[in-house]
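This report refers to the structure that appears directly beneath it.
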Number of protein chains: 2
Amino acid sequence: MSGRRDKVRGQEGQVRRAEGLSATLEDVARHAGVSPATVSRCLNSPNSVRPNKREKVTRAIQELNYVPHGAARALASRKSRMIGAVFPSLDTDLFGGALEAFQGEVAQGGYTVVVASSAYDPAQEQRHIRNLLESGVDALMLVGAERSEEAYRLIRAKGIPYVVIWVSQAPYPHNLAENLAPDLRHDCVGFDNWAAAADVTDYLLSLGHRHFAMISGTIAGNDRARLRLEGVRAALKAKSLDLAPDHLHERPFQVEDGRQAFRCLMQGETPPTAIICGAEPFAYGALFEAKEMGLSVPEDVSVVGFDDMWLAAHLSPALTTVRTPRTKMGRQAARFLLSRLMGQAVADPPPLETKLVIRKSTGPPPGSSGL
Amino acid sequence: MSGRRDKVRGQEGQVRRAEGLSATLEDVARHAGVSPATVSRCLNSPNSVRPNKREKVTRAIQELNYVPHGAARALASRKSRMIGAVFPSLDTDLFGGALEAFQGEVAQGGYTVVVASSAYDPAQEQRHIRNLLESGVDALMLVGAERSEEAYRLIRAKGIPYVVIWVSQAPYPHNLAENLAPDLRHDCVGFDNWAAAADVTDYLLSLGHRHFAMISGTIAGNDRARLRLEGVRAALKAKSLDLAPDHLHERPFQVEDGRQAFRCLMQGETPPTAIICGAEPFAYGALFEAKEMGLSVPEDVSVVGFDDMWLAAHLSPALTTVRTPRTKMGRQAARFLLSRLMGQAVADPPPLETKLVIRKSTGPPPGSSGL
DNA sequence: TTCCAATTTGAAAGCGCTTTCAAAATATTT
DNA sequence: AAATATTTTGAAAGCGCTTTCAAATTGGAA
């Protein structure tokens with residue numbers, strides 16, 4: 001059973017390809033008068049082949065318009081040169097920025113990124129992880145560390161390096177240990193969500209605020225959201241304060257949710273004087289809604305965001321927020337994975353810095369003399 | 001030269017895998033007591049195998065935690081189940097939205113998407129296309145039809161289906177024929193940039209405007225930008241008007257560029273009464289800058305955007321703009337490619353609709369009595 | 001029950017590359 | 001110049017799967 005593939009013999013006895021079939025390495029070898037092994041070497045370690053042959057091969061490659069067959073390469077070399085990435089969403093510059101940086105860096109290393117968006121759905125995420133694993137990615141990048149044991153089992157079964165971004169393994173009381181099996185220490189590239197949230201809260205506290213509210217992203221399966229909430233709570237607790245149940249709104253990550261939550265909060269019995277948003281879209285929504293309700297920020301209520309996306313600085317009032325290093329995360333995650341793939345035993349990079357960016361949406365609570 | 005791979009024989013003579021090596025189809029076959037062919041069939045066309053065997057195989061797969069090897073599959077079946085996509089950028093919800101929809105739809109069909117961002121750079125785009133082709137993608141999605149002949153040659157050489165989005169093949173005088181070799185009719189999923197631009201212009205014209213300016217995205221290598229500019233020009237020409245040279249600013253696609261251009265325009269000798277932005281970030285910048293300059297929109301100048309990204313409706317004044325169907329494009333492109341991959345000879349889908357969304361940033365020109 | 005058509009199965013040949021091993025060619029030393 | 005060390009090359013064996021072809025099994029029809 002030869003020739004499932006239509007090789008047709010030309011008049012000179014040379015094998016040509018039937019329409020639509022591209023040249024193979026063997027064709028190149030024949031065309032250049034060398035062995036397939038040599039062509040392969042030209043592709044993978046050019047200096048291990050004599051210049052004159054190398055030239056012949058290069059020419060043959062050009063003439064035949066040869067493009068190596070990725071799958072065959074992957075099969076033989078046991079590496080696909082692909083890195084998988086699953087993001088919770090891609091329709092915002094938040095993860096998009098990280099992806100862009102990640103992809104750019106990974107491309108530098110000759111790798112290609114296979115991407116998927118899980119729409120913040122753990123089940124979908126797991127399916128995507130499985131898919132990527134099947135696709136044969138050499139490494140994996142995931143957002144957040146919280147996911148099913150099953151998902152991690154799959155990855156470990158494949159034995160490929162992976163990195164988890166947007167979280168850090170900070171040695172705080174709030175670290176992940178309490179929520180993850182002890183043997184699970186993932187490599188992280190990210191920042192300390194807990195500390196960053198505690199930070200803004202402290203700042204607000206220092207302005208004199210005592211009545212807080214938080215609009216938090218959906219917490220189930222989202223450790224970033226949970227840590228931020230816990231960070232806020234911890235900072236409040238240090239001053240013997242707390243978040244009243246009706247002052248905590250947990251929602252999907254949309255601007256519209258921010259609007260609703262804000263309205264709800266400000267129309268309540270005891271409106272807060274400061275609103276901490278666990279994700280920036282909430283803050284945008286809050287600001288928009290404030291304008292609509294005729295409330296002024298920060299005179300009537302202070303609002304802080306989280307992430308410092310591009311819009312924050314342009315809003316009026318400009319938004320006080322926490323700058324998170326998404327581009328850096330993308331790049332660093334890429335570099336980390338690349339090093340691991342080159343066999344280097346790189347250490348977990350240290351957590352990245354976040355920065356409290358104080359702008360115009362925060363001030364002393366109403367009624368205070370400015371302290 | 002056997003066993004480059006460490007197969008170790010267990011005591012029962014059964015082949016197990018050394019650490020880190022995952023089970024293969026052959027392992028599954030042995031474990032289930034069937035031939036490899038049967039396992040393969042279970043994976044690819046389950047109903048061609050008897051239920052009892054199928055069950056055994058399914059169990060074996062589970063027990064061994066078997067994950068098919070994508071590259072091997074791709075090599076043997078000559079299809080990789082991957083689709084490549086190159087976007088000009090990913091750090092905005094514009095292309096991100098399209099990508100998200102594209103990826104979701106493609107995943108439905110059991111495909112996976114390999115993505116790359118070209119940073120609006122043709123050379124980088126071409127490199128990415130080459131890379132994706134090497135990766136063995138079964139199909140390709142690109143933004144815009146304008147790119148080097150070389151790039152198209154590469155794709156055609158591989159003989160895979162591809163689709164070009166964000167543009168249409170509208171049968172207008174402005175169609176692509178003049179800029180592309182006649183034999184190049186690409187499958188398009190998109191809308192008519194020219195007509196959409198002409199549309200807003202007509203609207204502005206109908207409000208009484210006669211002094212126009214345009215802030216256009218960089219045109220080189222970007223047919224969307226070019227078509228939009230031409231659309232505006234054509235509409236103006238129909239009224240014997242034109243865009244003064246100093247009333248046309250061509251820039252990268254950033255908010256900051258919009259700010260600068262706006263300031264420049266409004267501080268000029270003869271400021272326009274209407275500014276058409278070829279991309280929405282420009283309009284945002286314009287609105288922000290107007291506020292800073294103490295100009296009011298639309299009283300002093302009307303501003304229109306292009307794309308209707310999420311922010312447009314929340315701005316004050318809310319932005320009049322053209323809604324472009326990016327989610328639909330993503331989905332439709334995916335479906336088109338999927339059909340082609342299933343061998344169906346689908347026709348080019350018809351151009352999608354755009355919609356002029358009139359909000360508050362446009363009005364009669366200053367000094368007019370409201371017509 | 002016997003025989004033939006229809007359905008399931010397995011053996012084996014690749015898919016296009018990489019990589020080992022040994023042979024051939026070249027460079028270096030004595 | 002001969003002998004040895006080094007570098008280049010090629011032959012061939014897979015990588016893990018799919019798919020053809022023929023053999024084995026099954027289900028009906030006779």
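Identifiers for the structure tokens are assigned positionally: chains receive A, B, ... in sequence, residues are indexed from 1 per chain, and ligands are indexed from 1 in the order shown.
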Please extract the residues of region 80-173 of chain A with a backbone DSSP assignment of strand (DSSP E) and present them as a PDB file with N, CA and C atoms, in the first residue's frame.
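Contents of the output file result_28.pdb:
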```pdb
ATOM      1  N   MET A  82       4.547  25.486  20.656  1.00  0.00           N
ATOM      2  CA  MET A  82       3.323  26.242  20.907  1.00  0.00           C
ATOM      3  C   MET A  82       3.129  26.369  22.416  1.00  0.00           C
ATOM      4  N   ILE A  83       2.627  27.502  22.818  1.00  0.00           N
ATOM      5  CA  ILE A  83       2.321  27.699  24.222  1.00  0.00           C
ATOM      6  C   ILE A  83       0.841  28.056  24.326  1.00  0.00           C
ATOM      7  N   GLY A  84       0.156  27.412  25.223  1.00  0.00           N
ATOM      8  CA  GLY A  84      -1.270  27.673  25.369  1.00  0.00           C
ATOM      9  C   GLY A  84      -1.532  28.749  26.410  1.00  0.00           C
ATOM     10  N   ALA A  85      -2.606  29.487  26.227  1.00  0.00           N
ATOM     11  CA  ALA A  85      -2.987  30.510  27.204  1.00  0.00           C
ATOM     12  C   ALA A  85      -4.499  30.563  27.300  1.00  0.00           C
ATOM     13  N   VAL A  86      -4.997  30.540  28.503  1.00  0.00           N
ATOM     14  CA  VAL A  86      -6.440  30.665  28.687  1.00  0.00           C
ATOM     15  C   VAL A  86      -6.721  31.910  29.519  1.00  0.00           C
ATOM     16  N   PHE A  87      -7.512  32.803  28.979  1.00  0.00           N
ATOM     17  CA  PHE A  87      -7.881  34.015  29.701  1.00  0.00           C
ATOM     18  C   PHE A  87      -9.366  33.967  30.064  1.00  0.00           C
ATOM     19  N   THR A 112       4.706  30.075  19.432  1.00  0.00           N
ATOM     20  CA  THR A 112       3.452  30.546  18.910  1.00  0.00           C
ATOM     21  C   THR A 112       2.433  30.365  20.028  1.00  0.00           C
ATOM     22  N   VAL A 113       1.451  31.279  20.161  1.00  0.00           N
ATOM     23  CA  VAL A 113       0.519  31.073  21.257  1.00  0.00           C
ATOM     24  C   VAL A 113      -0.876  30.674  20.819  1.00  0.00           C
ATOM     25  N   VAL A 114      -1.366  29.667  21.491  1.00  0.00           N
ATOM     26  CA  VAL A 114      -2.707  29.176  21.235  1.00  0.00           C
ATOM     27  C   VAL A 114      -3.565  29.736  22.361  1.00  0.00           C
ATOM     28  N   VAL A 115      -4.595  30.463  22.001  1.00  0.00           N
ATOM     29  CA  VAL A 115      -5.329  31.165  23.028  1.00  0.00           C
ATOM     30  C   VAL A 115      -6.774  30.722  23.130  1.00  0.00           C
ATOM     31  N   ALA A 116      -7.320  30.855  24.303  1.00  0.00           N
ATOM     32  CA  ALA A 116      -8.735  30.565  24.480  1.00  0.00           C
ATOM     33  C   ALA A 116      -9.286  31.472  25.557  1.00  0.00           C
ATOM     34  N   SER A 117     -10.554  31.773  25.433  1.00  0.00           N
ATOM     35  CA  SER A 117     -11.200  32.597  26.438  1.00  0.00           C
ATOM     36  C   SER A 117     -12.291  31.787  27.121  1.00  0.00           C
ATOM     37  N   ALA A 139       3.755  24.367  26.847  1.00  0.00           N
ATOM     38  CA  ALA A 139       3.644  25.047  28.133  1.00  0.00           C
ATOM     39  C   ALA A 139       2.280  25.709  28.200  1.00  0.00           C
ATOM     40  N   LEU A 140       1.932  26.141  29.388  1.00  0.00           N
ATOM     41  CA  LEU A 140       0.592  26.679  29.584  1.00  0.00           C
ATOM     42  C   LEU A 140       0.620  27.911  30.471  1.00  0.00           C
ATOM     43  N   MET A 141      -0.214  28.880  30.139  1.00  0.00           N
ATOM     44  CA  MET A 141      -0.345  30.062  30.959  1.00  0.00           C
ATOM     45  C   MET A 141      -1.796  30.196  31.371  1.00  0.00           C
ATOM     46  N   LEU A 142      -2.028  30.347  32.657  1.00  0.00           N
ATOM     47  CA  LEU A 142      -3.400  30.456  33.139  1.00  0.00           C
ATOM     48  C   LEU A 142      -3.544  31.679  34.030  1.00  0.00           C
ATOM     49  N   VAL A 143      -4.751  32.181  34.123  1.00  0.00           N
ATOM     50  CA  VAL A 143      -4.985  33.333  34.979  1.00  0.00           C
ATOM     51  C   VAL A 143      -5.595  32.883  36.297  1.00  0.00           C
ATOM     52  N   TYR A 162       4.014  25.208  33.482  1.00  0.00           N
ATOM     53  CA  TYR A 162       2.906  26.145  33.366  1.00  0.00           C
ATOM     54  C   TYR A 162       3.114  27.269  34.358  1.00  0.00           C
ATOM     55  N   VAL A 163       2.425  28.328  34.127  1.00  0.00           N
ATOM     56  CA  VAL A 163       2.548  29.455  35.031  1.00  0.00           C
ATOM     57  C   VAL A 163       1.171  30.051  35.233  1.00  0.00           C
ATOM     58  N   VAL A 164       0.991  30.592  36.396  1.00  0.00           N
ATOM     59  CA  VAL A 164      -0.291  31.136  36.763  1.00  0.00           C
ATOM     60  C   VAL A 164      -0.069  32.629  36.968  1.00  0.00           C
ATOM     61  N   ILE A 165      -0.839  33.457  36.289  1.00  0.00           N
ATOM     62  CA  ILE A 165      -0.562  34.875  36.434  1.00  0.00           C
ATOM     63  C   ILE A 165      -1.685  35.604  37.154  1.00  0.00           C
TER      64      ILE A 165
END
```
Worksheet item: Could you pull out all residues of region 46-119 of chain B with a DSSP call of helix (DSSP H, G or I) and give them as JSON, numbers by chain?
Response: {"B": [46, 47, 48, 51, 52, 53, 54, 55, 56, 57, 58, 59, 60, 61, 62, 63, 64, 70, 71, 72, 73, 74, 75, 76, 77, 93, 94, 95, 96, 97, 98, 99, 100, 101, 102, 103, 104, 105, 106, 107, 108]}
Could you write out the selected residues, including C-alpha atoms, as a PDB file, in the first residue's frame?
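Listed below is the output, out30.pdb:
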```
ATOM      1  CA  PRO B  46     -17.464   5.819  17.617  1.00  0.00           C
ATOM      2  CA  ASN B  47     -20.438   4.223  15.949  1.00  0.00           C
ATOM      3  CA  SER B  48     -18.271   2.200  13.679  1.00  0.00           C
ATOM      4  CA  PRO B  51     -20.667  -1.017  21.902  1.00  0.00           C
ATOM      5  CA  ASN B  52     -18.953  -3.606  24.075  1.00  0.00           C
ATOM      6  CA  LYS B  53     -15.512  -2.855  22.664  1.00  0.00           C
ATOM      7  CA  ARG B  54     -16.198   0.826  22.693  1.00  0.00           C
ATOM      8  CA  GLU B  55     -16.897   0.591  26.380  1.00  0.00           C
ATOM      9  CA  LYS B  56     -13.709  -1.284  27.094  1.00  0.00           C
ATOM     10  CA  VAL B  57     -11.768   1.320  25.216  1.00  0.00           C
ATOM     11  CA  THR B  58     -13.479   4.194  26.966  1.00  0.00           C
ATOM     12  CA  ARG B  59     -12.629   2.645  30.287  1.00  0.00           C
ATOM     13  CA  ALA B  60      -9.022   2.094  29.291  1.00  0.00           C
ATOM     14  CA  ILE B  61      -8.773   5.696  28.188  1.00  0.00           C
ATOM     15  CA  GLN B  62     -10.004   6.889  31.514  1.00  0.00           C
ATOM     16  CA  GLU B  63      -7.863   4.559  33.517  1.00  0.00           C
ATOM     17  CA  LEU B  64      -4.716   5.484  31.671  1.00  0.00           C
ATOM     18  CA  GLY B  70      -2.275  16.244  18.577  1.00  0.00           C
ATOM     19  CA  ALA B  71       0.798  16.323  16.416  1.00  0.00           C
ATOM     20  CA  ALA B  72       0.612  12.638  15.661  1.00  0.00           C
ATOM     21  CA  ARG B  73      -3.013  12.999  14.808  1.00  0.00           C
ATOM     22  CA  ALA B  74      -2.294  15.970  12.642  1.00  0.00           C
ATOM     23  CA  LEU B  75       0.479  14.194  10.840  1.00  0.00           C
ATOM     24  CA  ALA B  76      -1.522  11.092  10.118  1.00  0.00           C
ATOM     25  CA  SER B  77      -4.791  12.762   9.289  1.00  0.00           C
ATOM     26  CA  ASP B  93     -12.010  45.454  23.067  1.00  0.00           C
ATOM     27  CA  LEU B  94     -12.329  46.150  19.351  1.00  0.00           C
ATOM     28  CA  PHE B  95     -10.398  43.221  17.987  1.00  0.00           C
ATOM     29  CA  GLY B  96     -10.610  41.498  21.322  1.00  0.00           C
ATOM     30  CA  GLY B  97     -14.354  41.279  20.924  1.00  0.00           C
ATOM     31  CA  ALA B  98     -14.001  39.798  17.487  1.00  0.00           C
ATOM     32  CA  LEU B  99     -11.386  37.351  18.713  1.00  0.00           C
ATOM     33  CA  GLU B 100     -13.530  36.301  21.620  1.00  0.00           C
ATOM     34  CA  ALA B 101     -16.461  35.557  19.340  1.00  0.00           C
ATOM     35  CA  PHE B 102     -14.251  33.874  16.789  1.00  0.00           C
ATOM     36  CA  GLN B 103     -12.599  31.672  19.348  1.00  0.00           C
ATOM     37  CA  GLY B 104     -15.895  30.701  20.933  1.00  0.00           C
ATOM     38  CA  GLU B 105     -17.424  29.680  17.659  1.00  0.00           C
ATOM     39  CA  VAL B 106     -14.380  27.871  16.444  1.00  0.00           C
ATOM     40  CA  ALA B 107     -14.217  25.910  19.689  1.00  0.00           C
ATOM     41  CA  GLN B 108     -17.753  24.706  19.034  1.00  0.00           C
TER      42      GLN B 108
END
```
Fill in: Residue hits in chain D, query chain B, radius 12 Å, only C-alpha atoms (C1' of nucleotides), as a PyMOL selection string
chain D and resi 12-20+25-26
Within 12 Å of chain A, which residues of chain C come that close, and what is the closest atom pair and distance in Å for each? Count only C-alpha atoms (C1' of nucleotides) and give it as CSV.
```
residue,atom,partner,partner_atom,distance
C:DA12,C1',A:Met1,CA,8.9
C:DA13,C1',A:Met1,CA,6.2
C:DG14,C1',A:Ser2,CA,7.7
C:DC15,C1',A:Ala72,CA,7.6
C:DG16,C1',A:Ala72,CA,4.9
C:DC17,C1',A:Ala72,CA,4.8
C:DT18,C1',A:Ala76,CA,5.1
C:DT19,C1',A:Ser77,CA,8.5
C:DT20,C1',A:Ala37,CA,11.3
C:DA25,C1',A:Arg50,CA,11.5
C:DT26,C1',A:Arg50,CA,11.2
```
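Closest approach to Arg323 (chain B) among B:Lys79, B:His186, B:Arg127, B:Arg359 is made by B:Arg359 (distances from only C-alpha atoms).
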